[in-house]
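Note sheet for the following structure.
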Amino acid sequence: MEQKRYALGVDFGTLSARCVLVEMHTGEIAASSSCEYPHGVMDTALPCGRPLPADWALQHPQDYIDTLAAAVPEVLRSAGASGTQICGVGIDFTSCTVLPVTAEGTPLCFLPEYASEPHAYVKLWKHHAAQKEATRLNQIAQERGEKFLENYGRKISSEWVVPKAWQILNEAPKLYEKMAYFVEAGDWIVAQLTGRLWRNACAAGYKAIWSKTDGFPSRSFFAALDPRMEDFAETKLNTPILPLGGRAGGITARMAKLTGLAQGTPVAAANLDAHVSCLGAGLTRPGQMLAIMGTSTCHLVNSSRPRPIPGVCGIVPDGLIPGLIGYEAGQSCVGDHFSWFVKNCVPAAYERRAQEEGTGIYEYLTRLAEKKVPGESGLIALDWWNGNRSVLVDGDLSGLLLGCTLGTKPEDIFRALMEATAYGTRMILESFAAAGIPVDEFYAAGGIAQKNPFMMQLYANITGREIRVVESAQLPAFSAALYGALAAGRDGGGCAGIGDAAQLACRRYAIYTPDPGAAAAYDVLYQEYVTLHNYFGRGANDVMKRLKAMRRKGACYHEYE
Ligand SMILES: Nc1ncnc2c1ncn2[C@@H]1O[C@H](COP(=O)(O)OP(=O)(O)O)[C@@H](O)[C@H]1O
Ligand SMILES: O=C(CO)[C@H](O)[C@H](O)COP(=O)(O)O
């Protein structure tokens with residue numbers, strides 16, 4: 001049999017897909033490629049022009065196929081590799097990124113009669129228009145004393161499966177009936193690659209209220225939401241569960257033609273774009289937290305003990321690494337703060353000066369921001385431009401920027417936003433400490449960790465911890481490739497098991513240690529953040545929710561006179 005030299009990994013992020021070929025003997029990335037989604041994030045209108053309400057975030061599933069068809073042949077070309085040299089394929093995807101499909105797996109938005117129906121498209125993980133359903137679900141679950149709440153920090157996020165499905169039922173009941181399955185986009189991509197529709201146990205555990213011991217919630221729970229949902233789990237979620245590292249099937253002839261991979265190449269169960277990275281970073285022990293910092297941030301840590309933690313997103317046995325209990329917390333908006341700021345608030349003069357200096361606008365703003373000392377801008381922000389995922393689990397909260405004067409500069413605001421995301425991470429770390437889940441080591445990866453050393457130094461100064469940035473340029477895609485090697489198995493030229501795959505992990509780090517003076521100043525500023533966090537986030541003043549309600553109604557002031 002020809003030497004299987006590589007494993008292929010594809011990381012489907014929020015804005016683009018990244019593909020890597022991993023050399024099986026060295027664990028090095030032999031080649032990489034990326035491709036932006038042609039429709040990007042659809043948060044204002046559908047391709048047909050139909051406008052979308054506030055807090056919607058959709059994607060077009062055809063984009064995922066198009067990026068596969070572009071990125072995979074490109075990575076084979078740049079490595080001079082043939083498809084027959086690939087031992088296995090692994091993919092990871094943002095989650096809970098979900099879509100309604102027919103029994104054959106066809107996205108409903110592909111059907112002409114649904115092309116202009118927003119609910120027929122992919123609901124991206126950051127879609128927050130199901131908050132009403134999530135709030136009602138949590139009330140019902142708490143009234144019923146549902147045990148599963150303990151595994152989700154006592155609140156199910158509006159970003160997860162059940163609130164999103166309930167929103168479809170409430171707003172498009174005919175489409176809900178037409179939907180055969182409500183699937184994760186990662187599982188849908190694996191079904192396109194192999195012809196088989198599974199539900200990966202990682203996403204089922206963290207996003208669909210499924211557990212290995214109890215399965216999905218009861219029929220009576222779903223009926224309590226809405227009588228029409230009584231059989232929701234038995235029908236719309238009824239695809240077989242595939243554990244982490246499992247083999248989903250082999251590349252079909254159609255996909256071999258589209259991508260250049262060899263027909264029958266083993267494909268692993270889909271994984272989540274943050275969770276997948278624990279293996280690739282070699283973080284297989286309890287107490288090692290990994291923050292995947294991109295559009296959002298996911299904070300992941302393993303423990304041998306199950307402990308309830310308010311505001312945690314999910315506590316799932318075998319969720320991150322088989323044999324351990326995987327905890328997920330997160331911030332739904334990190335890089336998105338900076339993207340919003342650059343798109344809406346930076347003067348053209350700054351863009352011009354960045355171009356003149358031959359640098360990117362993020363790098364230009366960062367260079368201006370890092371000249372200041374902690375507190376010099378007089379600003380503090382709450383990092384809730386897209387709601388709060390942990391520790392408040394409330395998509396109805398919104399951002400706050402305090403302290404602006406006529407002397408405030410764009411770089412002051414940019415720095416305040418970076419600091420706010422670090423304060424949010426410190427809040428999460430403190431919630432784990434308070435719950436008795438130790439976090440002994442802190443690692444970071446993802447686009448931001450790779451691109452912004454100053455921000456990583458801020459995180460060290462604000463959390464008071466050493467930060468180890470994993471030096472893999474594409475950690476999620478690299479890790480997904482290791483799962484592809486697991487699906488192949490040793491006999492197929494891949495890996496025999498998790499321990500074997502972890503031998504290939506990336507253990508090179510850029511280390512950031514806290515600066516004592518800055519850390520002392522940030523201890524004081526962090527207390528101001530906590531005061532604002534608790535005042536606006538825990539019910540003392542629900543002005544943020546009232547303002548969001550007005551925005552949703554498109555109301556103007558006179559209606560409230
Ligand atoms: N130099 C930078 N400093 C801070 N944020 C950045 C920088 N460059 C890009 N970003 C942000 O990183 C995010 C993209 O993160 P990345 O991990 O590359 O993609 P994804 O979130 O799709 O996985 C965007 O929100 C963007 O605003
Ligand atoms: O919640 C998630 C994982 O559990 C999402 O996938 C993540 O928040 C979005 O990923 P990214 O910020 O890399 O685009």
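Every chain in the structure tokens takes a letter, A first, then B, and so on in the order presented; its residues are numbered from 1, and the ligands are numbered from 1 following the presented order.
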When you look at Ala57 (chain A) with a cut-off of 6 Å (counting only C-alpha atoms), what residues show up, excluding the ones that are within fewer than 3 positions of it in the same chain? I need them as a PDB file with all heavy atoms, in the first residue's frame.
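Now in around-v7.pdb:
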```pdb
ATOM      1  N   MET A  42     -24.721  36.320   7.204  1.00  0.00           N
ATOM      2  CA  MET A  42     -25.895  37.066   6.722  1.00  0.00           C
ATOM      3  C   MET A  42     -26.646  37.577   7.946  1.00  0.00           C
ATOM      4  O   MET A  42     -27.380  36.817   8.591  1.00  0.00           O
ATOM      5  CB  MET A  42     -26.776  36.146   5.868  1.00  0.00           C
ATOM      6  CG  MET A  42     -26.036  35.583   4.649  1.00  0.00           C
ATOM      7  SD  MET A  42     -27.084  34.681   3.469  1.00  0.00           S
ATOM      8  CE  MET A  42     -27.697  33.338   4.444  1.00  0.00           C
ATOM      9  N   ASP A  43     -26.424  38.820   8.318  1.00  0.00           N
ATOM     10  CA  ASP A  43     -27.104  39.340   9.526  1.00  0.00           C
ATOM     11  C   ASP A  43     -27.961  40.569   9.227  1.00  0.00           C
ATOM     12  O   ASP A  43     -28.564  41.148  10.117  1.00  0.00           O
ATOM     13  CB  ASP A  43     -26.100  39.658  10.633  1.00  0.00           C
ATOM     14  CG  ASP A  43     -25.000  40.594  10.156  1.00  0.00           C
ATOM     15  OD1 ASP A  43     -25.146  41.165   9.049  1.00  0.00           O
ATOM     16  OD2 ASP A  43     -24.010  40.758  10.880  1.00  0.00           O
ATOM     17  N   LEU A 124     -26.401  30.530  12.520  1.00  0.00           N
ATOM     18  CA  LEU A 124     -25.022  30.526  13.002  1.00  0.00           C
ATOM     19  C   LEU A 124     -25.009  30.479  14.528  1.00  0.00           C
ATOM     20  O   LEU A 124     -25.987  30.882  15.188  1.00  0.00           O
ATOM     21  CB  LEU A 124     -24.327  31.806  12.524  1.00  0.00           C
ATOM     22  CG  LEU A 124     -22.818  31.930  12.703  1.00  0.00           C
ATOM     23  CD1 LEU A 124     -22.051  30.796  12.047  1.00  0.00           C
ATOM     24  CD2 LEU A 124     -22.336  33.273  12.147  1.00  0.00           C
ATOM     25  N   HIS A 127     -26.336  33.537  16.406  1.00  0.00           N
ATOM     26  CA  HIS A 127     -27.734  33.946  16.184  1.00  0.00           C
ATOM     27  C   HIS A 127     -28.410  34.092  17.545  1.00  0.00           C
ATOM     28  O   HIS A 127     -28.499  33.117  18.301  1.00  0.00           O
ATOM     29  CB  HIS A 127     -28.431  32.864  15.369  1.00  0.00           C
ATOM     30  CG  HIS A 127     -29.890  33.095  15.145  1.00  0.00           C
ATOM     31  ND1 HIS A 127     -30.385  33.837  14.092  1.00  0.00           N
ATOM     32  CD2 HIS A 127     -30.971  32.664  15.839  1.00  0.00           C
ATOM     33  CE1 HIS A 127     -31.719  33.842  14.152  1.00  0.00           C
ATOM     34  NE2 HIS A 127     -32.096  33.135  15.190  1.00  0.00           N
TER      35      HIS A 127
END
```
Please run DSSP on the backbone and report, as a VMD selection string, all residues within region 6-149 of chain A that come out as alpha helix (DSSP H).
-> chain A and resid 61 to 79 131 to 144
Convert the current residue selection to file output with N, CA, C and O atoms, as a short mmCIF file (atom, residue, chain, number, x, y, z; two decimals), in the first residue's frame.
```cif
data_model
loop_
_atom_site.label_atom_id
_atom_site.label_comp_id
_atom_site.auth_asym_id
_atom_site.auth_seq_id
_atom_site.Cartn_x
_atom_site.Cartn_y
_atom_site.Cartn_z
N PRO A 61 -25.42 27.26 3.38
CA PRO A 61 -24.68 25.99 3.40
C PRO A 61 -23.88 25.74 2.13
O PRO A 61 -22.87 25.04 2.16
N GLN A 62 -24.30 26.34 1.03
CA GLN A 62 -23.53 26.14 -0.20
C GLN A 62 -22.11 26.69 -0.05
O GLN A 62 -21.15 26.16 -0.62
N ASP A 63 -21.96 27.71 0.79
CA ASP A 63 -20.63 28.29 1.03
C ASP A 63 -19.67 27.24 1.57
O ASP A 63 -18.47 27.25 1.27
N TYR A 64 -20.19 26.32 2.40
CA TYR A 64 -19.30 25.35 3.03
C TYR A 64 -18.78 24.38 1.97
O TYR A 64 -17.61 24.00 1.99
N ILE A 65 -19.66 24.00 1.05
CA ILE A 65 -19.25 23.08 -0.03
C ILE A 65 -18.26 23.79 -0.96
O ILE A 65 -17.21 23.25 -1.33
N ASP A 66 -18.57 25.04 -1.27
CA ASP A 66 -17.68 25.80 -2.16
C ASP A 66 -16.29 25.98 -1.55
O ASP A 66 -15.27 25.88 -2.23
N THR A 67 -16.24 26.21 -0.23
CA THR A 67 -14.92 26.39 0.40
C THR A 67 -14.17 25.06 0.43
O THR A 67 -12.96 25.03 0.22
N LEU A 68 -14.88 23.95 0.62
CA LEU A 68 -14.21 22.63 0.54
C LEU A 68 -13.63 22.42 -0.86
O LEU A 68 -12.46 22.05 -1.01
N ALA A 69 -14.43 22.73 -1.86
CA ALA A 69 -14.03 22.48 -3.26
C ALA A 69 -12.85 23.35 -3.65
O ALA A 69 -12.10 23.02 -4.56
N ALA A 70 -12.66 24.48 -2.92
CA ALA A 70 -11.53 25.38 -3.23
C ALA A 70 -10.32 25.04 -2.37
O ALA A 70 -9.20 24.86 -2.86
N ALA A 71 -10.54 24.88 -1.06
CA ALA A 71 -9.42 24.78 -0.12
C ALA A 71 -8.71 23.44 -0.16
O ALA A 71 -7.49 23.37 0.01
N VAL A 72 -9.44 22.35 -0.36
CA VAL A 72 -8.80 21.02 -0.33
C VAL A 72 -7.90 20.79 -1.54
O VAL A 72 -6.71 20.48 -1.37
N PRO A 73 -8.39 20.99 -2.77
CA PRO A 73 -7.48 20.84 -3.92
C PRO A 73 -6.27 21.77 -3.81
O PRO A 73 -5.15 21.40 -4.13
N GLU A 74 -6.49 22.98 -3.26
CA GLU A 74 -5.39 23.95 -3.12
C GLU A 74 -4.31 23.41 -2.18
O GLU A 74 -3.11 23.49 -2.45
N VAL A 75 -4.74 22.81 -1.09
CA VAL A 75 -3.73 22.33 -0.11
C VAL A 75 -2.99 21.10 -0.65
O VAL A 75 -1.79 20.92 -0.42
N LEU A 76 -3.67 20.27 -1.44
CA LEU A 76 -3.00 19.12 -2.07
C LEU A 76 -1.98 19.61 -3.09
O LEU A 76 -0.83 19.14 -3.13
N ARG A 77 -2.41 20.64 -3.84
CA ARG A 77 -1.49 21.20 -4.86
C ARG A 77 -0.25 21.77 -4.20
O ARG A 77 0.88 21.46 -4.59
N SER A 78 -0.48 22.57 -3.12
CA SER A 78 0.71 23.24 -2.56
C SER A 78 1.65 22.27 -1.87
O SER A 78 2.83 22.53 -1.72
N ALA A 79 1.14 21.09 -1.48
CA ALA A 79 2.04 20.10 -0.87
C ALA A 79 2.58 19.12 -1.92
O ALA A 79 3.40 18.26 -1.60
N GLN A 131 -33.76 34.37 22.01
CA GLN A 131 -33.60 34.61 23.45
C GLN A 131 -34.93 34.43 24.18
O GLN A 131 -34.98 33.92 25.29
N LYS A 132 -36.03 34.87 23.52
CA LYS A 132 -37.35 34.73 24.16
C LYS A 132 -37.62 33.25 24.46
O LYS A 132 -38.04 32.89 25.56
N GLU A 133 -37.32 32.38 23.50
CA GLU A 133 -37.52 30.94 23.69
C GLU A 133 -36.59 30.41 24.78
O GLU A 133 -37.00 29.63 25.64
N ALA A 134 -35.35 30.89 24.79
CA ALA A 134 -34.40 30.40 25.81
C ALA A 134 -34.85 30.81 27.21
O ALA A 134 -34.82 30.01 28.15
N THR A 135 -35.31 32.06 27.34
CA THR A 135 -35.77 32.53 28.65
C THR A 135 -36.95 31.70 29.14
O THR A 135 -36.98 31.25 30.29
N ARG A 136 -37.92 31.43 28.26
CA ARG A 136 -39.10 30.63 28.62
C ARG A 136 -38.69 29.19 28.92
O ARG A 136 -39.16 28.57 29.88
N LEU A 137 -37.77 28.64 28.13
CA LEU A 137 -37.28 27.26 28.35
C LEU A 137 -36.68 27.15 29.73
O LEU A 137 -36.96 26.20 30.48
N ASN A 138 -35.86 28.13 30.11
CA ASN A 138 -35.20 28.07 31.42
C ASN A 138 -36.21 28.17 32.56
O ASN A 138 -36.09 27.49 33.58
N GLN A 139 -37.24 28.98 32.37
CA GLN A 139 -38.29 29.09 33.40
C GLN A 139 -38.98 27.72 33.58
O GLN A 139 -39.11 27.21 34.69
N ILE A 140 -39.34 27.11 32.48
CA ILE A 140 -40.05 25.81 32.53
C ILE A 140 -39.14 24.74 33.13
O ILE A 140 -39.53 23.98 34.01
N ALA A 141 -37.89 24.72 32.70
CA ALA A 141 -36.95 23.70 33.19
C ALA A 141 -36.73 23.87 34.69
O ALA A 141 -36.69 22.90 35.45
N GLN A 142 -36.64 25.13 35.14
CA GLN A 142 -36.44 25.38 36.57
C GLN A 142 -37.70 24.98 37.36
O GLN A 142 -37.61 24.33 38.39
N GLU A 143 -38.88 25.34 36.83
CA GLU A 143 -40.14 24.95 37.51
C GLU A 143 -40.27 23.43 37.61
O GLU A 143 -40.74 22.90 38.61
N ARG A 144 -39.79 22.72 36.59
CA ARG A 144 -39.90 21.26 36.57
C ARG A 144 -38.75 20.59 37.32
O ARG A 144 -38.73 19.37 37.46
#
```
For ligand 2, list the contacting residues at 6 Å or closer, counting only C-alpha atoms and all ligand atoms, as a VMD selection string.
-> chain A and resid 13 to 14 94 to 95 125 272 to 274 294 to 298 332
Resulting file, chosen residues, N, CA, C and O atoms, as a short mmCIF file (atom, residue, chain, number, x, y, z; two decimals), in the first residue's frame:
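Saved the output as out.cif:
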```cif
data_model
loop_
_atom_site.label_atom_id
_atom_site.label_comp_id
_atom_site.auth_asym_id
_atom_site.auth_seq_id
_atom_site.Cartn_x
_atom_site.Cartn_y
_atom_site.Cartn_z
N GLY A 13 -14.51 28.05 10.46
CA GLY A 13 -14.71 29.11 11.45
C GLY A 13 -15.93 29.94 11.10
O GLY A 13 -16.72 29.56 10.22
N THR A 14 -16.06 31.09 11.76
CA THR A 14 -17.23 31.94 11.51
C THR A 14 -17.13 32.64 10.17
O THR A 14 -18.11 32.75 9.44
N THR A 94 -17.84 25.63 13.77
CA THR A 94 -18.41 26.43 14.85
C THR A 94 -19.70 25.72 15.30
O THR A 94 -20.29 24.95 14.55
N SER A 95 -20.12 25.98 16.51
CA SER A 95 -21.30 25.30 17.04
C SER A 95 -21.91 26.17 18.14
O SER A 95 -21.18 26.90 18.81
N TRP A 125 -23.93 30.00 15.10
CA TRP A 125 -23.81 29.92 16.57
C TRP A 125 -24.17 31.25 17.24
O TRP A 125 -24.82 31.28 18.27
N LEU A 272 -16.18 20.22 17.43
CA LEU A 272 -16.43 21.67 17.56
C LEU A 272 -15.11 22.43 17.42
O LEU A 272 -14.06 21.92 17.82
N ASP A 273 -15.20 23.64 16.88
CA ASP A 273 -13.99 24.33 16.45
C ASP A 273 -13.09 24.73 17.62
O ASP A 273 -11.92 25.04 17.42
N ALA A 274 -13.61 24.77 18.81
CA ALA A 274 -12.72 25.05 19.95
C ALA A 274 -12.31 23.73 20.60
O ALA A 274 -11.14 23.44 20.78
N GLY A 294 -11.17 33.92 18.94
CA GLY A 294 -11.43 34.35 17.56
C GLY A 294 -12.56 35.36 17.56
O GLY A 294 -12.59 36.27 18.40
N THR A 295 -13.52 35.14 16.71
CA THR A 295 -14.72 36.00 16.72
C THR A 295 -15.30 36.00 18.11
O THR A 295 -15.73 37.00 18.65
N SER A 296 -15.29 34.81 18.70
CA SER A 296 -15.70 34.63 20.11
C SER A 296 -14.51 34.01 20.84
O SER A 296 -13.46 33.79 20.25
N THR A 297 -14.68 33.69 22.11
CA THR A 297 -13.68 32.89 22.81
C THR A 297 -14.39 31.74 23.51
O THR A 297 -15.45 31.95 24.12
N CYS A 298 -13.82 30.55 23.39
CA CYS A 298 -14.29 29.40 24.17
C CYS A 298 -13.20 29.08 25.18
O CYS A 298 -12.03 28.98 24.83
N SER A 332 -19.31 35.27 23.88
CA SER A 332 -19.85 35.15 22.52
C SER A 332 -19.31 36.24 21.61
O SER A 332 -19.46 36.17 20.40
#
```
Fewer than 3 positions away in the same chain doesn't count, so skip those; otherwise give me all residues within 8 Å of Leu237 (chain A), counting only C-alpha atoms, as a PyMOL selection string.
-> chain A and resi 181-183+232-234
Nearby residues, ligand 1, 10 Å, only C-alpha atoms and all ligand atoms, as a ChimeraX atom specification | /A:11-18,36,93-94,273-274,292-297,333-343,360-366,414,418,445-456,474-476
Ala477 (chain A) proximity check over A:Asn344, A:Asn151, A:Asn302, A:Asn271, using only C-alpha atoms: winner is A:Asn271
Pick out the residues sitting within 9 Å of Val162 (chain A), and hand them over as an MDAnalysis selection string; count only C-alpha atoms, and ignore anything fewer than 3 positions along from it in its own chain.
-> chainID A and resid 133:134 137 156 158:159 165:167 207:209
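Of the residues listed (A:Leu392, A:Leu482, A:Leu193, A:Ile437), A:Leu482 shows the shortest atom-to-atom separation from Val20 (chain A); distances use only C-alpha atoms.
Every protein or nucleic acid residue with an atom no more than 7 Å from Gln263 (chain A), counting only C-alpha atoms and leaving out same-chain residues fewer than 4 positions away, appears here: Gly250, Ile251, Thr252, Ala253 and Ala256 of chain A.
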Residue selection dump (N, CA and C atoms) as a PDB file, in the first residue's frame:
```pdb
ATOM      1  N   GLY A 250     -16.467   6.821   4.750  1.00  0.00           N
ATOM      2  CA  GLY A 250     -15.388   7.086   3.789  1.00  0.00           C
ATOM      3  C   GLY A 250     -15.832   8.106   2.763  1.00  0.00           C
ATOM      4  N   ILE A 251     -14.877   8.789   2.145  1.00  0.00           N
ATOM      5  CA  ILE A 251     -15.148   9.800   1.132  1.00  0.00           C
ATOM      6  C   ILE A 251     -15.918   9.171  -0.023  1.00  0.00           C
ATOM      7  N   THR A 252     -17.031   9.807  -0.408  1.00  0.00           N
ATOM      8  CA  THR A 252     -17.849   9.267  -1.508  1.00  0.00           C
ATOM      9  C   THR A 252     -17.185   9.581  -2.858  1.00  0.00           C
ATOM     10  N   ALA A 253     -17.673   8.918  -3.886  1.00  0.00           N
ATOM     11  CA  ALA A 253     -17.131   9.149  -5.235  1.00  0.00           C
ATOM     12  C   ALA A 253     -17.344  10.612  -5.640  1.00  0.00           C
ATOM     13  N   ALA A 256     -14.888  12.719  -3.812  1.00  0.00           N
ATOM     14  CA  ALA A 256     -13.530  12.469  -4.329  1.00  0.00           C
ATOM     15  C   ALA A 256     -13.300  13.315  -5.574  1.00  0.00           C
TER      16      ALA A 256
END
```
Looking only at strand (DSSP E) from DSSP on the backbone, list the matching residues of region 202-378 of chain A as a ChimeraX atom specification.
-> /A:241-242,247-250,266-268,271-272,288-293,297-303,314-317,325-331
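For the atom pair formed by CA of Met289 (chain A) and CA of Ile428 (chain A), the distance is 11.1 Å, given to one decimal.
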Give me the residues near region 321-329 of chain A as a short mmCIF file (atom, residue, chain, number, x, y, z; two decimals) with N, CA, C and O atoms, in the first residue's frame, where near means some atom within 9 Å (using only C-alpha atoms) and where sequence neighbours in that chain fewer than 4 positions away do not count.
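Wrote selection.cif, looks like this:
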```
data_model
loop_
_atom_site.label_atom_id
_atom_site.label_comp_id
_atom_site.auth_asym_id
_atom_site.auth_seq_id
_atom_site.Cartn_x
_atom_site.Cartn_y
_atom_site.Cartn_z
N TYR A 206 -22.79 19.39 24.36
CA TYR A 206 -22.66 20.81 24.77
C TYR A 206 -23.82 21.66 24.27
O TYR A 206 -24.14 22.68 24.87
N LEU A 244 -16.54 11.01 20.07
CA LEU A 244 -15.31 11.72 19.70
C LEU A 244 -14.31 10.71 19.11
O LEU A 244 -14.11 9.64 19.69
N HIS A 275 -13.30 22.88 20.89
CA HIS A 275 -13.09 21.63 21.63
C HIS A 275 -12.06 20.74 20.96
O HIS A 275 -11.28 20.06 21.62
N CYS A 278 -8.05 20.74 22.00
CA CYS A 278 -7.37 20.20 23.20
C CYS A 278 -6.36 19.13 22.79
O CYS A 278 -5.23 19.10 23.27
N LEU A 279 -6.76 18.28 21.86
CA LEU A 279 -5.86 17.19 21.44
C LEU A 279 -4.64 17.76 20.74
O LEU A 279 -3.52 17.40 21.05
N LEU A 283 -3.31 18.98 25.38
CA LEU A 283 -3.89 19.30 26.70
C LEU A 283 -4.86 18.18 27.08
O LEU A 283 -6.06 18.28 26.89
N THR A 284 -4.31 17.12 27.63
CA THR A 284 -5.13 15.94 27.92
C THR A 284 -5.22 15.67 29.42
O THR A 284 -5.70 14.63 29.82
N ARG A 285 -4.73 16.65 30.23
CA ARG A 285 -4.77 16.46 31.68
C ARG A 285 -5.76 17.45 32.33
O ARG A 285 -5.99 18.55 31.81
N PRO A 286 -6.34 17.10 33.48
CA PRO A 286 -7.20 18.05 34.20
C PRO A 286 -6.42 19.31 34.57
O PRO A 286 -5.19 19.26 34.76
N THR A 297 -14.68 33.69 22.11
CA THR A 297 -13.68 32.89 22.81
C THR A 297 -14.39 31.74 23.51
O THR A 297 -15.45 31.95 24.12
N CYS A 298 -13.82 30.55 23.39
CA CYS A 298 -14.29 29.40 24.17
C CYS A 298 -13.20 29.08 25.18
O CYS A 298 -12.03 28.98 24.83
N HIS A 299 -13.62 28.88 26.45
CA HIS A 299 -12.69 28.51 27.52
C HIS A 299 -12.99 27.06 27.87
O HIS A 299 -14.11 26.75 28.30
N LEU A 300 -12.00 26.19 27.67
CA LEU A 300 -12.23 24.75 27.84
C LEU A 300 -11.27 24.20 28.88
O LEU A 300 -10.07 24.55 28.86
N VAL A 301 -11.76 23.37 29.78
CA VAL A 301 -10.86 22.74 30.75
C VAL A 301 -11.41 21.38 31.13
O VAL A 301 -12.64 21.18 31.18
N ASN A 302 -10.52 20.41 31.34
CA ASN A 302 -10.92 19.07 31.78
C ASN A 302 -10.80 18.95 33.28
O ASN A 302 -9.93 19.59 33.91
N SER A 303 -11.66 18.10 33.84
CA SER A 303 -11.56 17.80 35.27
C SER A 303 -11.95 16.34 35.45
O SER A 303 -12.62 15.75 34.59
N SER A 304 -11.55 15.79 36.58
CA SER A 304 -11.99 14.41 36.86
C SER A 304 -13.26 14.45 37.73
O SER A 304 -13.86 13.43 38.01
N ARG A 305 -13.66 15.69 38.11
CA ARG A 305 -14.81 15.81 39.03
C ARG A 305 -15.95 16.61 38.40
O ARG A 305 -15.69 17.67 37.82
N PRO A 306 -17.19 16.12 38.53
CA PRO A 306 -18.34 16.92 38.06
C PRO A 306 -18.72 17.93 39.14
O PRO A 306 -18.94 17.58 40.28
N GLY A 311 -23.33 29.61 35.05
CA GLY A 311 -22.89 30.31 33.84
C GLY A 311 -21.96 29.53 32.95
O GLY A 311 -21.52 30.02 31.92
N VAL A 312 -21.63 28.26 33.34
CA VAL A 312 -20.80 27.47 32.44
C VAL A 312 -21.69 27.06 31.26
O VAL A 312 -22.91 26.93 31.41
N CYS A 313 -21.11 26.88 30.09
CA CYS A 313 -21.94 26.55 28.91
C CYS A 313 -22.27 25.07 28.87
O CYS A 313 -23.30 24.67 28.35
N GLY A 314 -21.35 24.24 29.36
CA GLY A 314 -21.62 22.80 29.27
C GLY A 314 -20.61 22.03 30.09
O GLY A 314 -19.45 22.43 30.21
N ILE A 315 -21.10 20.93 30.70
CA ILE A 315 -20.24 20.00 31.45
C ILE A 315 -20.52 18.63 30.86
O ILE A 315 -21.62 18.08 31.04
N VAL A 316 -19.56 18.09 30.10
CA VAL A 316 -19.86 16.88 29.31
C VAL A 316 -18.78 15.83 29.50
O VAL A 316 -17.60 16.08 29.18
N PRO A 317 -19.11 14.67 30.07
CA PRO A 317 -18.13 13.58 30.16
C PRO A 317 -17.65 13.19 28.75
O PRO A 317 -18.47 13.10 27.83
N ARG A 389 -22.30 35.26 27.22
CA ARG A 389 -22.47 33.80 27.22
C ARG A 389 -22.13 33.25 28.61
O ARG A 389 -22.91 32.53 29.18
N SER A 390 -20.95 33.56 29.13
CA SER A 390 -20.59 33.15 30.50
C SER A 390 -20.09 34.39 31.24
O SER A 390 -19.38 35.20 30.65
N VAL A 391 -20.51 34.59 32.45
CA VAL A 391 -21.17 33.69 33.41
C VAL A 391 -22.65 34.03 33.55
O VAL A 391 -23.34 33.41 34.35
N ILE A 428 -14.59 34.53 34.31
CA ILE A 428 -14.81 33.09 34.07
C ILE A 428 -13.83 32.27 34.90
O ILE A 428 -14.22 31.30 35.57
N ILE A 498 -5.93 8.09 21.23
CA ILE A 498 -5.72 9.49 21.65
C ILE A 498 -4.27 9.70 22.08
O ILE A 498 -3.61 10.68 21.70
#
```
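Closest approach to Leu458 (chain A) among A:Asp515, A:Glu351, A:Asp214, A:Glu184 is made by A:Asp515 (distances from only C-alpha atoms).
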Skipping near chain neighbours, those fewer than 2 positions away, what residues fall within 8 Å of Ile511 (chain A) using only C-alpha atoms, listed as a ChimeraX atom specification?
-> /A:466-469,509,513
Go through A:Gly489, A:Gly105, A:Gly378, A:Pro173 and flag the residue nearest Leu197 (chain A), using only C-alpha atoms for the distances.
-> A:Gly105
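Across the structure, CA of Gln85 (chain A) and CA of Cys35 (chain A) are spaced 22.7 Å apart.
Closest to Ile91 (chain A) among A:Gly499, A:Gly186, A:Pro347, A:Gly319 is A:Gly186, based on only C-alpha atoms.
Taking CA of Gly264 (chain A) and CA of Val89 (chain A) as endpoints, the distance between them is 10.6 Å.
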